[in-house]
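**Q** Just passing along the structure, written as structure tokens.
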Amino acid sequence: MSGEVRVYGGWRDDLGLRVIPSKRIGKDVYEVFIGPQHPGSGHMRIIIRVDGDVIVEADPDIGYVHRTMEKLGEIRGWIKPIPLFERMAIHDACNITLPYVRAVEKLMGVEAPLRAKYLRVLLCEINRIASHLYGFAIFSIFLGHSTMYMWAMGDREVFIQLAEELTGARLTHSYPIPGGVRRDIPQGFPDMARRAVRYMRKRLEEYRKMFLENPVIRSRLEGVGVIPKNLAAELGLVGPNARGSGIAYDVRIIEPYEVYDELDFEVPVYTEGDALARTYVRVEEIAQSLRIIEQVVDWLEKKPREPIVDESIYKKYPPLHKKILESQGRAKLLPWMATMKVPAGAAIGRGETGRGEIIYYVESDGGVNPYRVRIVTPSARNVIAFKYALPGHRVMDLPAIYGSLDYFPPEADR
Amino acid sequence: MAVHEALAAIIGWPPIWQVLIIGFIGSLVVSIFAVWFERKAAARVQRRLGPYWASPRLGGLLHLIADLARYAFQYPIIPRRVDVVPFLAAPIAGLIIALLPLAVIPFTSNPSYWPLPPAAMEYSLLIALAIATLPPIFIIAAGWASNNPFAVIGGVREAFIIVAYELIAILGFLGAAAAVGSFNLVEIVAAQEGFKWLILLNPIAFLAVFIAIVMSTSAFPFEIPESEAEVVAGPFTEYSGILYALNMGGAYMRRFVLAILTVLAFLGGWQPLTPGEGLLWGYILPSIVVVAKAVVIVLAISFLRAVYGRYRLDQALDMAWKILLPLALAGIALGLIEASIGVV
């Protein structure tokens, strides 16, 4: 934050964003540093200036968990970035790596078979639910509602176990690989998934009673942190935050990838733009993801099993690997993939993670490493909302707004 | 008079006795039990075990003893930039003053065990309330002395909350006094003979008092001064070790003392027991009944944690001034009406 661009009464920054009017800063303004060592900040710092109890300025100060994801992505081949990029949001691992995998697939000229696409969607939706529940838990403990925190964290376990059953790992699944996925569903998985779906539907009803319709929680959220539709568009918000402000933008609908165009689901949109609307968007999305899981599981159960990797890769499999794939449904990564060369070119991968749209720009110069991997994560795009949603609110609204934006620092800092 | 006799006489003097035994020891036990219950009940609602492994047969009760031992032996850090004397004095003074109302509260109708002479007992409710409103000042002092933005903000929040709940608590108790027509706690209890408890006759005043207690001891949904998500630990941010334990325990002890006052004013005090002669029937059993009822109130307040989040400061103040204050006034009016038609 340089001294020149900040003007009293708002900001005018290099991008030409409009000046947001806020109160003139008097000499009684108190500067409070929320974070990075603060129970309510996460791995970031929010510098707020308060006039009495009212925030007049807020500056999100990010970068505390910057891990050079983009640079590391350029030095370790084409496969190893997959487990690396998962670390940006480990509870959303499949969603966050899938666009990268798809970009690499475009460069390689391979495509996942239909069954693998369904499997990817299955894990994506399991991850989306787990990610929303995680955000929900953090949100409720910010509001002091410990019961909802424990419930959401506990119910997230159901979906983590579902993912473990499917992939063998609780969190960092490294499930999609260029040309397919690593495992087919195990025996008994469809029933387990249906049980989880039934359970979660019941629980959503209980969440509604305990949390969403709790008078204390409602009074904390209604009309708080309002981001109007045009401001949300101007700031470039994505994901549930944009949809809470009335922008019907979801990559799964705008530019369907994998098999999302074959599935029947809705994207909930609320027009209020306040913290409660954003919360409701997430809850409704969990319900929609449950619908998708049901459909995908039905499809996977009905259709006969087929190789879950692309034809061109499957042809190169040695007999042992083919046997494992057919008998156990496990696609082994072939040794040549670790040092494979990808044809020169550039590709873009887009996907909808739990927190919004993620974009990968992957460029290849024909070598064994990506020439450039540019990552734009949803949290990196949403963080600007702090600056505009917080001023005018009380200090006690900060956790409500922070939690409702579902900002995740490791994902934003990359 | 030998020294030990003099000591026995001092400790045996009801005000000292009550502050030391029911106050320090009783409220310590009650606080430990309340914290344990708070964690255990919340765990039940949240579908987990809660404290368990330290003593599976006791349901993990020893966890709290272990916590206390840890606090007691932890190195208390005193930051260089604090104002040392108030920083150290505030939690200690706050705790002692929180327990002082017990020096005027009667636990029996037997005059030989009253803490005050009968003439002064006439005003026991007023004196107890006057002392009970003092401790928050030391919380503000603790925040101020800490010289930390979070502590200062927490202290200011505490000040706002005091302004809101103090009046409600006093007016609520006046509702009971108005119904009986006396500030004498013994007479207030005596008027509730035969299950004519004031909680049944004047539930409005009781509700106001109950919420005022919840607010005053920063229990959920009014855990605002120590709200972790914004102000870390509020006024106690810079405290560690035994000083932090004193601060946090102080809230529970205040809750306990105010609950005892509520029991006397609304829940029939030592009834259905009729205190008789002798130490056992005249003092120990009635006080056990009073403390047991108070524990129920403390536990009920503890349970709120499992249900509610926390209100925003301005919403809490709104609620206090717009809803609870008229409620407390209505309680007084109801008390006066009941007194005039002779229900009580």
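For the structure tokens, the naming scheme is as follows: chains receive sequential letters (A, B, ...) according to their order of presentation, residues are indexed from 1 within each chain, and ligands are indexed from 1 in presentation order.
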Return as a Markdown table the residues of chain A lying at most 7 Å from chain B, together with the closest atom-to-atom pair for each and the distance in Å to one decimal, counting only C-alpha atoms, with rows in chain order and ascending residue number.

**A**
| residue | atom | partner | partner_atom | distance |
| --- | --- | --- | --- | --- |
| A:Val32 | CA | B:Pro149 | CA | 6.8 |
| A:His38 | CA | B:Val232 | CA | 6.6 |
| A:Pro39 | CA | B:Ala229 | CA | 6.0 |
| A:Gly40 | CA | B:Ala229 | CA | 4.2 |
| A:Phe142 | CA | B:Ala229 | CA | 5.3 |
| A:Leu143 | CA | B:Gly309 | CA | 5.5 |
| A:Gly144 | CA | B:Gly309 | CA | 4.5 |
| A:His145 | CA | B:Gly309 | CA | 4.1 |
| A:Ser146 | CA | B:Ala306 | CA | 6.6 |
| A:Thr147 | CA | B:Gln46 | CA | 5.3 |
| A:Met150 | CA | B:Gln46 | CA | 5.8 |
| A:Trp151 | CA | B:Gln46 | CA | 6.1 |
| A:Val216 | CA | B:Tyr311 | CA | 6.0 |
| A:Ile217 | CA | B:Gly309 | CA | 6.3 |
| A:Arg220 | CA | B:Arg312 | CA | 6.7 |
| A:Met396 | CA | B:Arg312 | CA | 5.9 |
| A:Pro399 | CA | B:Ala229 | CA | 6.1 |

**Q** Find the residues around Ala389 of chain A up to 10 Å (only C-alpha atoms counted), leave out those fewer than 6 positions away in its own chain, and share them as a list in words.

**A**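 Those residues are Ala58, Val224, Gly225, Val226, Ile227, Pro228, Leu231, Asp274, Leu398, Ile401, Tyr402 and Leu405 of chain A.
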
**Q** By how many Å are atom CA of Gln18 of chain B and atom CA of Ala128 of chain B apart?

**A**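 These atoms are spaced 13.3 Å apart.
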
**Q** So how far away is atom CA of Gly249 of chain B from atom CA of Glu166 of chain B, in Å?

**A**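 Between atom CA of Glu166 of chain B and atom CA of Gly249 of chain B the gap works out to 20.3 Å.
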
**Q** So which residues touch segment 285-300 of chain A within 10 Å, counting only C-alpha atoms, skipping near sequence neighbours fewer than 4 positions away, as a PyMOL selection string?

**A** chain A and resi 115-133+184-185+189-191+193-194+196-198+200-201+204+240+259-260+262-269+279-281+304-305+354

**Q** If I take atom CA of Gly331 of chain B and atom CA of Phe210 of chain B, how far is one from the other in Å, to one decimal?

**A** 12.7 Å

**Q** Could you go through segment 292-354 of chain A and tell me which residues DSSP, when run on the backbone, assigns to helix (DSSP H, G or I), listing them as a ChimeraX atom specification?

**A** /A:292-302,311-315,319-328,335-338

**Q** Please provide as a PyMOL selection string all residues within 7 Å of segment 171-181 of chain A, with the sequence filter that same-chain residues fewer than 5 positions apart are discarded (counting only C-alpha atoms).

**A** chain A and resi 82-83+86+90-91+93-94+98+101-102+104-105+110-113+116+120+160+308-310

**Q** Those residues with N, CA and C atoms, as a CSV table (one decimal), in the first residue's frame please?

**A**
chain,number,residue,atom,x,y,z
A,82,ILE,N,0.9,-32.2,-10.0
A,82,ILE,CA,-0.4,-32.5,-9.6
A,82,ILE,C,-0.5,-32.6,-8.1
A,83,PRO,N,0.4,-33.4,-7.5
A,83,PRO,CA,0.3,-33.4,-6.0
A,83,PRO,C,0.8,-32.1,-5.4
A,86,GLU,N,-2.2,-29.6,-5.4
A,86,GLU,CA,-3.2,-30.0,-4.4
A,86,GLU,C,-3.0,-29.2,-3.1
A,90,ILE,N,-6.0,-28.4,0.2
A,90,ILE,CA,-6.0,-29.9,0.3
A,90,ILE,C,-7.4,-30.4,0.4
A,91,HIS,N,-8.4,-29.7,1.0
A,91,HIS,CA,-9.7,-30.3,1.2
A,91,HIS,C,-10.5,-30.2,-0.1
A,93,ALA,N,-9.0,-31.0,-3.2
A,93,ALA,CA,-7.8,-31.4,-4.1
A,93,ALA,C,-8.2,-31.7,-5.5
A,94,CYS,N,-9.3,-32.4,-5.7
A,94,CYS,CA,-9.6,-32.8,-7.1
A,94,CYS,C,-10.0,-31.6,-7.9
A,98,LEU,N,-7.8,-30.6,-11.3
A,98,LEU,CA,-8.4,-31.0,-12.5
A,98,LEU,C,-8.2,-30.1,-13.7
A,101,VAL,N,-4.8,-30.7,-15.1
A,101,VAL,CA,-4.8,-31.9,-15.8
A,101,VAL,C,-5.4,-31.8,-17.2
A,102,ARG,N,-6.5,-31.0,-17.2
A,102,ARG,CA,-7.2,-30.9,-18.5
A,102,ARG,C,-6.4,-30.0,-19.5
A,104,VAL,N,-3.1,-29.9,-19.5
A,104,VAL,CA,-2.1,-30.8,-20.0
A,104,VAL,C,-2.6,-31.8,-21.0
A,105,GLU,N,-3.8,-32.3,-20.8
A,105,GLU,CA,-4.5,-33.2,-21.8
A,105,GLU,C,-4.6,-32.5,-23.1
A,110,VAL,N,-4.7,-35.9,-25.6
A,110,VAL,CA,-5.4,-37.1,-25.2
A,110,VAL,C,-6.7,-36.6,-24.5
A,111,GLU,N,-7.6,-37.6,-24.3
A,111,GLU,CA,-8.9,-37.2,-23.6
A,111,GLU,C,-9.3,-38.4,-22.7
A,112,ALA,N,-9.8,-38.1,-21.6
A,112,ALA,CA,-10.2,-39.1,-20.6
A,112,ALA,C,-11.4,-39.8,-21.2
A,113,PRO,N,-11.5,-41.2,-21.0
A,113,PRO,CA,-12.7,-41.9,-21.4
A,113,PRO,C,-13.9,-41.4,-20.6
A,116,ALA,N,-14.0,-42.3,-16.9
A,116,ALA,CA,-13.1,-41.5,-16.1
A,116,ALA,C,-13.6,-40.1,-15.9
A,120,ARG,N,-14.2,-38.4,-12.3
A,120,ARG,CA,-13.7,-37.1,-11.9
A,120,ARG,C,-14.7,-36.2,-11.3
A,160,ILE,N,-14.9,-37.3,3.5
A,160,ILE,CA,-13.5,-37.6,3.4
A,160,ILE,C,-13.3,-39.1,3.3
A,308,ILE,N,-9.9,-46.9,-17.5
A,308,ILE,CA,-10.2,-45.5,-17.1
A,308,ILE,C,-9.1,-44.6,-17.5
A,309,VAL,N,-8.3,-45.0,-18.5
A,309,VAL,CA,-7.3,-44.1,-19.1
A,309,VAL,C,-7.5,-44.0,-20.6
A,310,ASP,N,-6.9,-43.0,-21.2
A,310,ASP,CA,-7.1,-42.8,-22.6
A,310,ASP,C,-6.5,-43.9,-23.4

**Q** Just the residues within 8 Å of Tyr165 of chain B, please, counting only C-alpha atoms, with nothing from its chain fewer than 2 positions along; format it as a PyMOL selection string.

**A** chain B and resi 161-163+167-169+212-213+215-216+320

**Q** Please produce a file of those selected residues containing C-alpha atoms, as a PDB file, in the first residue's frame.

**A**
ATOM      1  CA  ILE B 161     -22.024  -4.169  28.534  1.00  0.00           C
ATOM      2  CA  ILE B 162     -21.909  -3.052  32.170  1.00  0.00           C
ATOM      3  CA  VAL B 163     -23.941   0.008  31.360  1.00  0.00           C
ATOM      4  CA  LEU B 167     -29.557  -1.470  35.547  1.00  0.00           C
ATOM      5  CA  ILE B 168     -31.505  -4.492  34.361  1.00  0.00           C
ATOM      6  CA  ALA B 169     -30.102  -6.698  37.097  1.00  0.00           C
ATOM      7  CA  ALA B 212     -28.561  -9.853  32.988  1.00  0.00           C
ATOM      8  CA  ILE B 213     -26.468 -12.524  34.700  1.00  0.00           C
ATOM      9  CA  MET B 215     -24.586 -10.707  30.051  1.00  0.00           C
ATOM     10  CA  SER B 216     -22.612  -9.720  33.101  1.00  0.00           C
ATOM     11  CA  ALA B 320     -30.746  -4.682  26.687  1.00  0.00           C
TER      12      ALA B 320
END

**Q** Would you list the contacts of segment 114-123 of chain B as an mmCIF file with C-alpha atoms, in the first residue's frame, taking every protein, DNA or RNA residue within 10 Å and counting only C-alpha atoms, but skipping same-chain residues closer than 5 positions in sequence?

**A**
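Contents of around.cif, as written:
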data_model
loop_
_atom_site.group_PDB
_atom_site.id
_atom_site.type_symbol
_atom_site.label_atom_id
_atom_site.label_comp_id
_atom_site.auth_asym_id
_atom_site.auth_seq_id
_atom_site.Cartn_x
_atom_site.Cartn_y
_atom_site.Cartn_z
ATOM 1 C CA TRP B 13 -17.551 -15.175 62.131
ATOM 2 C CA PRO B 14 -20.251 -15.693 59.461
ATOM 3 C CA PRO B 15 -19.160 -13.053 56.925
ATOM 4 C CA ILE B 16 -15.554 -14.298 56.891
ATOM 5 C CA TRP B 17 -16.679 -17.896 56.970
ATOM 6 C CA GLN B 18 -19.042 -17.447 54.066
ATOM 7 C CA LEU B 102 -21.387 -13.515 50.143
ATOM 8 C CA ALA B 103 -20.396 -11.571 53.238
ATOM 9 C CA VAL B 104 -23.902 -10.108 53.448
ATOM 10 C CA ILE B 105 -26.057 -12.882 51.987
ATOM 11 C CA PRO B 106 -27.964 -14.941 54.548
ATOM 12 C CA PHE B 107 -28.077 -18.674 53.987
ATOM 13 C CA THR B 108 -30.571 -19.424 56.720
ATOM 14 C CA SER B 109 -33.472 -17.899 58.586
ATOM 15 C CA ALA B 128 -25.217 -7.409 47.962
ATOM 16 C CA SER B 182 -38.711 -5.569 51.721
ATOM 17 C CA PHE B 183 -35.013 -5.475 50.908
ATOM 18 C CA ASN B 184 -34.363 -8.109 53.530
ATOM 19 C CA LEU B 185 -33.362 -11.319 51.773
ATOM 20 C CA VAL B 186 -34.611 -13.365 54.737
ATOM 21 C CA GLU B 187 -38.046 -11.806 54.441
ATOM 22 C CA TYR B 283 -26.911 -23.482 58.711
#

**Q** With a distance cut-off of 7 Å and only C-alpha atoms, select the neighbouring residues of Ala328 of chain B, excluding the residue or stretch itself and same-chain residues fewer than 4 positions from it, and output the selection as an mmCIF file with N, CA and C atoms, in the first residue's frame.

**A**
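Done, and the output landed in part08.cif:
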data_model
loop_
_atom_site.group_PDB
_atom_site.id
_atom_site.type_symbol
_atom_site.label_atom_id
_atom_site.label_comp_id
_atom_site.auth_asym_id
_atom_site.auth_seq_id
_atom_site.Cartn_x
_atom_site.Cartn_y
_atom_site.Cartn_z
ATOM 1 N N ILE B 168 -30.505 -3.436 34.501
ATOM 2 C CA ILE B 168 -31.505 -4.492 34.361
ATOM 3 C C ILE B 168 -31.453 -5.431 35.553
ATOM 4 N N LEU B 171 -32.931 -3.575 38.590
ATOM 5 C CA LEU B 171 -34.381 -3.409 38.480
ATOM 6 C C LEU B 171 -35.090 -4.755 38.585
ATOM 7 N N GLY B 172 -34.461 -5.792 38.017
ATOM 8 C CA GLY B 172 -35.068 -7.112 38.097
ATOM 9 C C GLY B 172 -35.188 -7.577 39.546
ATOM 10 N N ILE B 204 -41.378 -12.451 34.771
ATOM 11 C CA ILE B 204 -40.786 -11.404 33.930
ATOM 12 C C ILE B 204 -39.494 -10.895 34.569
ATOM 13 N N ALA B 205 -39.571 -10.605 35.862
ATOM 14 C CA ALA B 205 -38.390 -10.098 36.547
ATOM 15 C C ALA B 205 -37.298 -11.155 36.563
ATOM 16 N N ALA B 208 -35.544 -11.212 33.250
ATOM 17 C CA ALA B 208 -34.632 -10.070 33.109
ATOM 18 C C ALA B 208 -33.354 -10.314 33.897
ATOM 19 N N LEU B 324 -35.070 -5.608 27.349
ATOM 20 C CA LEU B 324 -34.917 -6.069 28.726
ATOM 21 C C LEU B 324 -35.264 -4.988 29.744
ATOM 22 N N ILE B 332 -41.184 -4.960 37.863
ATOM 23 C CA ILE B 332 -41.458 -4.169 39.076
ATOM 24 C C ILE B 332 -42.953 -3.891 39.186
#

**Q** Which residue is closest to Phe85 of chain A? Choose from A:Ile358, A:Ile384, A:Arg170, A:Leu235 and count only C-alpha atoms.

**A**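 So, comparing all the options, the nearest one is A:Ile358.
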
**Q** Let me make sure I understand: among A:Gly73, A:Pro215, A:Gly329, A:Pro99, which one has the smallest atom-to-atom distance to Glu306 of chain A if we use only C-alpha atoms?

**A** A:Gly329

**Q** Using DSSP on the backbone coordinates, identify all residues within segment 41-139 of chain A classified as strand (DSSP E); present the result as a VMD selection string.

**A** chain A and resid 45 to 51 54 to 61

**Q** Between B:Leu134, B:Ala164, B:Ala179, B:Trp144, which is the closest to Ala333 of chain B once you count only C-alpha atoms?

**A**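 Among the listed residues, the smallest separation from Ala333 of chain B belongs to B:Ala179.
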